[in-house]
Amino acid sequence: MTSRPIGPAGRVVRPPRPARRRHVPTTPIPASGAWREDQPVGNRQFVELGPLPLEAGGQLPEVTLAYETWGELSPAGDNAILVLHALTGDSHVVGEAGAGHASAGWWADQIGPGRPLDTNRYFVVAPNVLGGCQGSTGPSSNAPNGTPWGSRFPYVTVRDQVAAELELADFLGIGAWQLVIGASMGGHRVLEWAVTAPDRVAAIAAIATSAQTSADQIAWAHAQLGAIRADPKFRGGDYYDAADGDGPHVGLGIARQIAHTTYRSAHELDERFGRLPQGGENPLGGGGRFAVQSYLDHHADKLARRFDANSYVALTESMLTHDLGRDRGGVESALATIRARTLALAVDTDRLFPPSQSQRIAAGVPNGIYRELRSDHGHDGFLIEHDQVGAILSEFLAG
């Protein structure tokens, strides 16, 4: 038995704790990771839409949408595909990271010559969502008085976002989309497109999504919104003049950690990380982290450098009120009005948008097809299982 030194009053003298080993970013995190007009444009294009009435009341007096395109629009304008991104995605679906783009395209395996969304055949369009932070009108863009909207940015819904995208289609000369496709939050807009503008959508692919936000999804989102708003450096949403390192990156990072846990499966986290400590850190009384904690810290830091806390709030709130059946007689009634060929694609291990929600879509749409990805990765399987996704999309488009 190993003895321990005894101090005054017979107390055991514990050895000093090893120093914590934490990842220290090389540069401070900006107050906002939003794209600003004084930064390189990259591959973005822009359209000015003018005023936009909002479902919850009021209007946005001037709306800009940023978007990117690949391929060529046919003379008849009948070969277009609309790609709608998820919560923290953007219009940069294909392309390298570089000037104007903090990260590489998030779905490059699906779009390009000879790929499932074949740009030798199709004209592919991807907008940055209304309320986003990568060039489209959102909380970080300037209000009419020339300063960022911040806390003054109005509440926008999924239907408002689709209304803006309808005007983009008009601007581009696209009477009807051959396919509208999107996952997660993007899938909300896919379904809304099919109900709002049935004559302008030939087919839809709604991936890892739902027709109506569930209580479980609202609960997960509530904690994320609370983390951002509780950060004193959030300043109620008015932080755009704060110095680097003085913005709400802590709250935004915690929100991302909560969300990222729902994006992956328990099986993957256990298999990938187990209970391994991070490097030489000591989680047992030494102030260190487990490897899975380091993984979440990394994703928190990464998002805070390329996204905006206000946009995270605005877009999450639009997801909370997503309900295809609102003022339409309920979800099943709304789904029954969809005339587009419909693919509802789920991930078998998705714990954020479980397969039952995709099955509900497929069952409710007259021309609905249900398919399922096999993946250990959970919700993010739609970003990772490139071969499976590509094969299913190719089969659906061929049909």
# chains A, B, ... in the order shown; residues from 1 in each chain; ligands from 1

$ residues_around --residues "stretch 264-276 of chain A" --least-positions-apart "5" --cutoff "7 Å" --atoms "only C-alpha atoms" --output "list in words"
Phe290, Ala291, Val292, Thr349, Asp350, Arg351, Asp376, His377, Gly378, His379 and Asp380 of chain A

$ residues_around --residues "A:Pro116" --least-positions-apart "3" --cutoff "7 Å" --atoms "only C-alpha atoms" --output "list in words"
Gln110, Ile111, Gly390, Leu393 and Ser394 of chain A

$ residues_around --residues "A:Thr157" --least-positions-apart "3" --cutoff "12 Å" --atoms "only C-alpha atoms" --output "NGL selection string"
:A and (53-57 or 129-131 or 154 or 160-164 or 185 or 188-189 or 192 or 314-324 or 326)

$ write_last_selection --atoms "C-alpha atoms" --output "tab-separated table (two decimals), in the first residue's frame"
chain	number	residue	atom	x	y	z
A	53	PRO	CA	-44.09	40.89	-46.89
A	54	LEU	CA	-43.65	38.52	-43.95
A	55	GLU	CA	-46.00	35.82	-42.75
A	56	ALA	CA	-45.84	36.95	-39.12
A	57	GLY	CA	-46.52	40.58	-40.07
A	129	VAL	CA	-31.38	31.17	-47.22
A	130	LEU	CA	-33.19	34.35	-46.20
A	131	GLY	CA	-32.02	35.05	-42.63
A	154	PRO	CA	-37.87	40.55	-37.99
A	160	ASP	CA	-41.03	33.65	-46.13
A	161	GLN	CA	-37.82	31.93	-47.20
A	162	VAL	CA	-39.61	30.12	-50.02
A	163	ALA	CA	-41.34	33.34	-51.08
A	164	ALA	CA	-37.90	34.92	-51.58
A	185	MET	CA	-33.81	22.56	-42.60
A	188	HIS	CA	-38.51	22.00	-44.78
A	189	ARG	CA	-38.26	24.41	-47.68
A	192	GLU	CA	-43.02	24.13	-48.65
A	314	ALA	CA	-33.29	33.40	-36.67
A	315	LEU	CA	-33.00	30.18	-38.67
A	316	THR	CA	-33.55	27.93	-35.66
A	317	GLU	CA	-36.72	29.85	-34.83
A	318	SER	CA	-37.93	29.41	-38.41
A	319	MET	CA	-37.45	25.67	-37.95
A	320	LEU	CA	-39.44	25.72	-34.69
A	321	THR	CA	-42.54	27.02	-36.43
A	322	HIS	CA	-42.20	24.79	-39.49
A	323	ASP	CA	-45.59	23.16	-40.01
A	324	LEU	CA	-46.64	22.25	-43.52
A	326	ARG	CA	-50.57	25.35	-40.74

$ closest_residue --among "A:Val83, A:Ala31, A:Ala76, A:Ala102" --to "A:Leu252" --atoms "only C-alpha atoms"
A:Ala31

$ closest_residue --among "A:Gly114, A:Pro28, A:Gly105, A:Gly381" --to "A:Ala346" --atoms "only C-alpha atoms"
A:Gly381

$ select_by_dssp --residues "stretch 190-270 of chain A" --states "strand (DSSP E or B)" --output "list in words"
Val201, Ala203, Ile204, Ala205, Ala206, Ile207 and Gln212 of chain A

$ select_by_dssp --residues "stretch 164-224 of chain A" --states "helix (DSSP H, G or I)" --output "PyMOL selection string"
chain A and resi 164-172+185-196+198-200+215-224

$ write_last_selection --atoms "N, CA, C and O atoms" --output "short mmCIF file (atom, residue, chain, number, x, y, z; two decimals), in the first residue's frame"
data_model
loop_
_atom_site.label_atom_id
_atom_site.label_comp_id
_atom_site.auth_asym_id
_atom_site.auth_seq_id
_atom_site.Cartn_x
_atom_site.Cartn_y
_atom_site.Cartn_z
N ALA A 164 -39.08 34.26 -51.01
CA ALA A 164 -37.90 34.92 -51.58
C ALA A 164 -37.29 34.06 -52.68
O ALA A 164 -36.87 34.58 -53.73
N GLU A 165 -37.26 32.73 -52.48
CA GLU A 165 -36.69 31.84 -53.50
C GLU A 165 -37.56 31.79 -54.76
O GLU A 165 -37.04 31.61 -55.87
N LEU A 166 -38.86 31.96 -54.61
CA LEU A 166 -39.74 32.05 -55.78
C LEU A 166 -39.37 33.26 -56.63
O LEU A 166 -39.34 33.19 -57.87
N GLU A 167 -39.06 34.37 -55.98
CA GLU A 167 -38.66 35.56 -56.72
C GLU A 167 -37.31 35.35 -57.40
O GLU A 167 -37.07 35.87 -58.49
N LEU A 168 -36.43 34.61 -56.76
CA LEU A 168 -35.15 34.27 -57.40
C LEU A 168 -35.39 33.46 -58.67
O LEU A 168 -34.77 33.71 -59.71
N ALA A 169 -36.29 32.49 -58.60
CA ALA A 169 -36.61 31.70 -59.79
C ALA A 169 -37.14 32.58 -60.91
O ALA A 169 -36.77 32.41 -62.09
N ASP A 170 -38.00 33.53 -60.57
CA ASP A 170 -38.51 34.46 -61.58
C ASP A 170 -37.36 35.24 -62.21
O ASP A 170 -37.31 35.41 -63.44
N PHE A 171 -36.45 35.72 -61.39
CA PHE A 171 -35.32 36.50 -61.88
C PHE A 171 -34.46 35.68 -62.84
O PHE A 171 -33.97 36.19 -63.86
N LEU A 172 -34.29 34.41 -62.53
CA LEU A 172 -33.45 33.54 -63.36
C LEU A 172 -34.18 33.01 -64.59
O LEU A 172 -33.57 32.37 -65.45
N MET A 185 -33.08 21.31 -42.41
CA MET A 185 -33.81 22.56 -42.60
C MET A 185 -34.12 22.80 -44.08
O MET A 185 -35.18 23.33 -44.43
N GLY A 186 -33.20 22.43 -44.96
CA GLY A 186 -33.44 22.57 -46.39
C GLY A 186 -34.63 21.74 -46.84
O GLY A 186 -35.37 22.13 -47.75
N GLY A 187 -34.84 20.59 -46.20
CA GLY A 187 -35.98 19.75 -46.51
C GLY A 187 -37.31 20.41 -46.15
O GLY A 187 -38.33 20.16 -46.80
N HIS A 188 -37.30 21.26 -45.12
CA HIS A 188 -38.51 22.00 -44.78
C HIS A 188 -38.95 22.87 -45.96
O HIS A 188 -40.13 22.92 -46.33
N ARG A 189 -37.95 23.54 -46.56
CA ARG A 189 -38.26 24.41 -47.68
C ARG A 189 -38.64 23.62 -48.93
O ARG A 189 -39.46 24.06 -49.74
N VAL A 190 -38.04 22.45 -49.10
CA VAL A 190 -38.42 21.58 -50.22
C VAL A 190 -39.92 21.29 -50.18
O VAL A 190 -40.64 21.44 -51.18
N LEU A 191 -40.42 20.87 -49.03
CA LEU A 191 -41.83 20.53 -48.90
C LEU A 191 -42.70 21.77 -49.07
O LEU A 191 -43.76 21.71 -49.70
N GLU A 192 -42.26 22.89 -48.52
CA GLU A 192 -43.02 24.13 -48.65
C GLU A 192 -43.12 24.56 -50.11
O GLU A 192 -44.16 25.05 -50.57
N TRP A 193 -42.05 24.40 -50.87
CA TRP A 193 -42.07 24.69 -52.30
C TRP A 193 -43.17 23.88 -52.99
O TRP A 193 -43.93 24.40 -53.80
N ALA A 194 -43.24 22.59 -52.68
CA ALA A 194 -44.18 21.70 -53.37
C ALA A 194 -45.62 22.05 -53.08
O ALA A 194 -46.50 21.82 -53.92
N VAL A 195 -45.89 22.61 -51.90
CA VAL A 195 -47.26 22.98 -51.53
C VAL A 195 -47.57 24.40 -51.98
O VAL A 195 -48.66 24.68 -52.49
N THR A 196 -46.63 25.31 -51.82
CA THR A 196 -46.86 26.72 -52.17
C THR A 196 -46.96 26.92 -53.67
O THR A 196 -47.79 27.70 -54.15
N PRO A 198 -47.16 24.39 -56.56
CA PRO A 198 -47.19 23.05 -57.16
C PRO A 198 -46.94 23.03 -58.66
O PRO A 198 -46.43 22.04 -59.18
N ASP A 199 -47.28 24.11 -59.35
CA ASP A 199 -47.08 24.16 -60.80
C ASP A 199 -45.63 24.42 -61.18
O ASP A 199 -45.29 24.35 -62.37
N ARG A 200 -44.79 24.70 -60.19
CA ARG A 200 -43.42 25.08 -60.49
C ARG A 200 -42.40 24.05 -60.02
O ARG A 200 -41.22 24.30 -59.98
N ALA A 215 -42.04 17.97 -30.90
CA ALA A 215 -41.71 18.48 -29.57
C ALA A 215 -40.26 18.17 -29.21
O ALA A 215 -39.57 18.98 -28.58
N ASP A 216 -39.79 16.99 -29.61
CA ASP A 216 -38.40 16.62 -29.31
C ASP A 216 -37.43 17.57 -30.02
O ASP A 216 -36.44 18.02 -29.42
N GLN A 217 -37.70 17.90 -31.26
CA GLN A 217 -36.83 18.82 -31.99
C GLN A 217 -36.90 20.22 -31.40
O GLN A 217 -35.87 20.92 -31.29
N ILE A 218 -38.07 20.65 -30.99
CA ILE A 218 -38.21 21.96 -30.34
C ILE A 218 -37.42 21.99 -29.04
O ILE A 218 -36.76 22.99 -28.71
N ALA A 219 -37.45 20.89 -28.29
CA ALA A 219 -36.72 20.83 -27.02
C ALA A 219 -35.22 20.97 -27.23
O ALA A 219 -34.54 21.72 -26.52
N TRP A 220 -34.66 20.24 -28.21
CA TRP A 220 -33.23 20.36 -28.49
C TRP A 220 -32.88 21.78 -28.92
O TRP A 220 -31.85 22.34 -28.51
N ALA A 221 -33.74 22.39 -29.74
CA ALA A 221 -33.48 23.74 -30.22
C ALA A 221 -33.56 24.76 -29.09
O ALA A 221 -32.81 25.74 -29.06
N HIS A 222 -34.47 24.54 -28.16
CA HIS A 222 -34.66 25.48 -27.04
C HIS A 222 -33.36 25.66 -26.25
O HIS A 222 -32.99 26.78 -25.89
N ALA A 223 -32.68 24.56 -25.98
CA ALA A 223 -31.43 24.64 -25.23
C ALA A 223 -30.36 25.39 -26.03
O ALA A 223 -29.56 26.14 -25.45
N GLN A 224 -30.34 25.20 -27.33
CA GLN A 224 -29.37 25.90 -28.16
C GLN A 224 -29.61 27.41 -28.16
O GLN A 224 -28.68 28.21 -28.03
#

$ closest_residue --among "A:Gly138, A:Gly42, A:Gly279, A:Pro148" --to "A:Gln293" --atoms "only C-alpha atoms"
A:Gly279

$ residues_around --residues "stretch 309-311 of chain A" --least-positions-apart "5" --cutoff "9 Å" --atoms "only C-alpha atoms" --output "number ranges by chain"
A: 31-34, 88, 131-133, 138-140, 150-151, 153, 228, 234, 237-238, 248-249, 251-252, 304, 316

$ write_last_selection --atoms "C-alpha atoms" --output "mmCIF file, in the first residue's frame"
data_model
loop_
_atom_site.group_PDB
_atom_site.id
_atom_site.type_symbol
_atom_site.label_atom_id
_atom_site.label_comp_id
_atom_site.auth_asym_id
_atom_site.auth_seq_id
_atom_site.Cartn_x
_atom_site.Cartn_y
_atom_site.Cartn_z
ATOM 1 C CA ALA A 31 -17.631 38.765 -33.181
ATOM 2 C CA SER A 32 -19.441 37.330 -36.206
ATOM 3 C CA GLY A 33 -18.410 34.862 -38.869
ATOM 4 C CA ALA A 34 -20.888 36.403 -41.318
ATOM 5 C CA THR A 88 -25.399 26.133 -40.963
ATOM 6 C CA GLY A 131 -32.018 35.050 -42.632
ATOM 7 C CA GLY A 132 -28.629 33.478 -43.312
ATOM 8 C CA CYS A 133 -25.233 35.096 -43.002
ATOM 9 C CA GLY A 138 -30.191 38.453 -42.515
ATOM 10 C CA PRO A 139 -29.442 39.914 -39.096
ATOM 11 C CA SER A 140 -25.819 40.688 -40.012
ATOM 12 C CA GLY A 150 -29.021 42.829 -35.233
ATOM 13 C CA SER A 151 -31.840 42.630 -32.691
ATOM 14 C CA PHE A 153 -34.263 41.736 -37.641
ATOM 15 C CA ILE A 228 -26.667 31.870 -27.239
ATOM 16 C CA PHE A 234 -24.553 38.343 -27.228
ATOM 17 C CA GLY A 237 -28.238 40.566 -30.630
ATOM 18 C CA ASP A 238 -26.331 43.838 -31.072
ATOM 19 C CA PRO A 248 -20.964 35.646 -28.478
ATOM 20 C CA HIS A 249 -18.743 32.782 -29.620
ATOM 21 C CA GLY A 251 -22.866 30.721 -26.519
ATOM 22 C CA LEU A 252 -22.784 29.949 -30.233
ATOM 23 C CA ALA A 304 -18.036 30.339 -34.554
ATOM 24 C CA THR A 316 -33.553 27.925 -35.659
#

$ closest_residue --among "A:Leu373, A:Ala66, A:Leu84, A:Ile174" --to "A:Trp107" --atoms "only C-alpha atoms"
A:Leu84

$ residues_around --residues "A:Gly325" --least-positions-apart "3" --cutoff "10 Å" --atoms "only C-alpha atoms" --output "compact mmCIF listing (two decimals) with C-alpha atoms, in the first residue's frame"
# COMPACT_ATOMS: atom_id res chain seq x y z
CA GLU A 192 -43.02 24.13 -48.65
CA VAL A 195 -47.26 22.98 -51.53
CA ALA A 211 -43.32 17.95 -42.46
CA GLN A 212 -43.81 19.39 -38.99
CA HIS A 322 -42.20 24.79 -39.49
CA ARG A 328 -54.04 24.11 -44.59
CA GLY A 329 -56.17 21.65 -42.66
CA GLY A 330 -53.26 19.78 -41.06
CA VAL A 331 -50.14 18.00 -42.27
CA GLU A 332 -51.85 15.11 -44.03
CA SER A 333 -54.15 17.46 -45.94
CA ALA A 334 -51.18 19.54 -47.03
CA LEU A 335 -49.14 16.51 -48.10

$ closest_residue --among "A:Arg289, A:Glu372, A:Asp244, A:Ala340" --to "A:Ser356" --atoms "only C-alpha atoms"
A:Glu372

$ closest_residue --among "A:Thr64, A:Ser210, A:Thr337, A:Gln134" --to "A:Asp90" --atoms "only C-alpha atoms"
A:Gln134

$ atom_distance --atom1 "atom CA of A:Asp78" --atom2 "atom CA of A:Phe396"
17.6 Å

$ residues_around --residues "A:Thr209" --least-positions-apart "2" --cutoff "7 Å" --atoms "only C-alpha atoms" --output "NGL selection string"
:A and (183-185 or 187-188 or 206-207 or 353 or 357-358)

$ write_last_selection --atoms "N, CA and C atoms" --output "JSON list (two decimals), in the first residue's frame"
[["chain", "number", "residue", "atom", "x", "y", "z"],
["A", 183, "ALA", "N", -31.93, 18.89, -47.47],
["A", 183, "ALA", "CA", -31.93, 18.03, -46.28],
["A", 183, "ALA", "C", -32.09, 18.87, -45.03],
["A", 184, "SER", "N", -32.64, 18.24, -43.99],
["A", 184, "SER", "CA", -32.77, 18.87, -42.68],
["A", 184, "SER", "C", -33.60, 20.15, -42.82],
["A", 185, "MET", "N", -33.08, 21.31, -42.41],
["A", 185, "MET", "CA", -33.81, 22.56, -42.60],
["A", 185, "MET", "C", -34.12, 22.80, -44.08],
["A", 187, "GLY", "N", -34.84, 20.59, -46.20],
["A", 187, "GLY", "CA", -35.98, 19.75, -46.51],
["A", 187, "GLY", "C", -37.31, 20.41, -46.15],
["A", 188, "HIS", "N", -37.30, 21.26, -45.12],
["A", 188, "HIS", "CA", -38.51, 22.00, -44.78],
["A", 188, "HIS", "C", -38.95, 22.87, -45.96],
["A", 206, "ALA", "N", -36.88, 15.25, -50.38],
["A", 206, "ALA", "CA", -36.84, 15.76, -49.01],
["A", 206, "ALA", "C", -36.03, 14.77, -48.17],
["A", 207, "ILE", "N", -34.86, 15.20, -47.71],
["A", 207, "ILE", "CA", -33.90, 14.28, -47.10],
["A", 207, "ILE", "C", -33.76, 14.57, -45.61],
["A", 353, "PHE", "N", -34.01, 13.68, -36.89],
["A", 353, "PHE", "CA", -35.16, 13.50, -37.78],
["A", 353, "PHE", "C", -35.31, 12.00, -38.03],
["A", 357, "GLN", "N", -40.47, 10.13, -39.55],
["A", 357, "GLN", "CA", -40.92, 11.40, -40.10],
["A", 357, "GLN", "C", -40.85, 11.41, -41.62],
["A", 358, "SER", "N", -39.84, 10.76, -42.19],
["A", 358, "SER", "CA", -39.77, 10.61, -43.64],
["A", 358, "SER", "C", -40.85, 9.66, -44.15]]

$ residues_around --residues "A:Val125" --least-positions-apart "2" --cutoff "6 Å" --atoms "only C-alpha atoms" --output "list in words"
Glu68, Thr69 and Leu82 of chain A

$ atom_distance --atom1 "atom CA of A:Ser294" --atom2 "atom CA of A:His85"
26.8 Å

$ atom_distance --atom1 "atom CA of A:Glu37" --atom2 "atom CA of A:Ser136"
10.8 Å
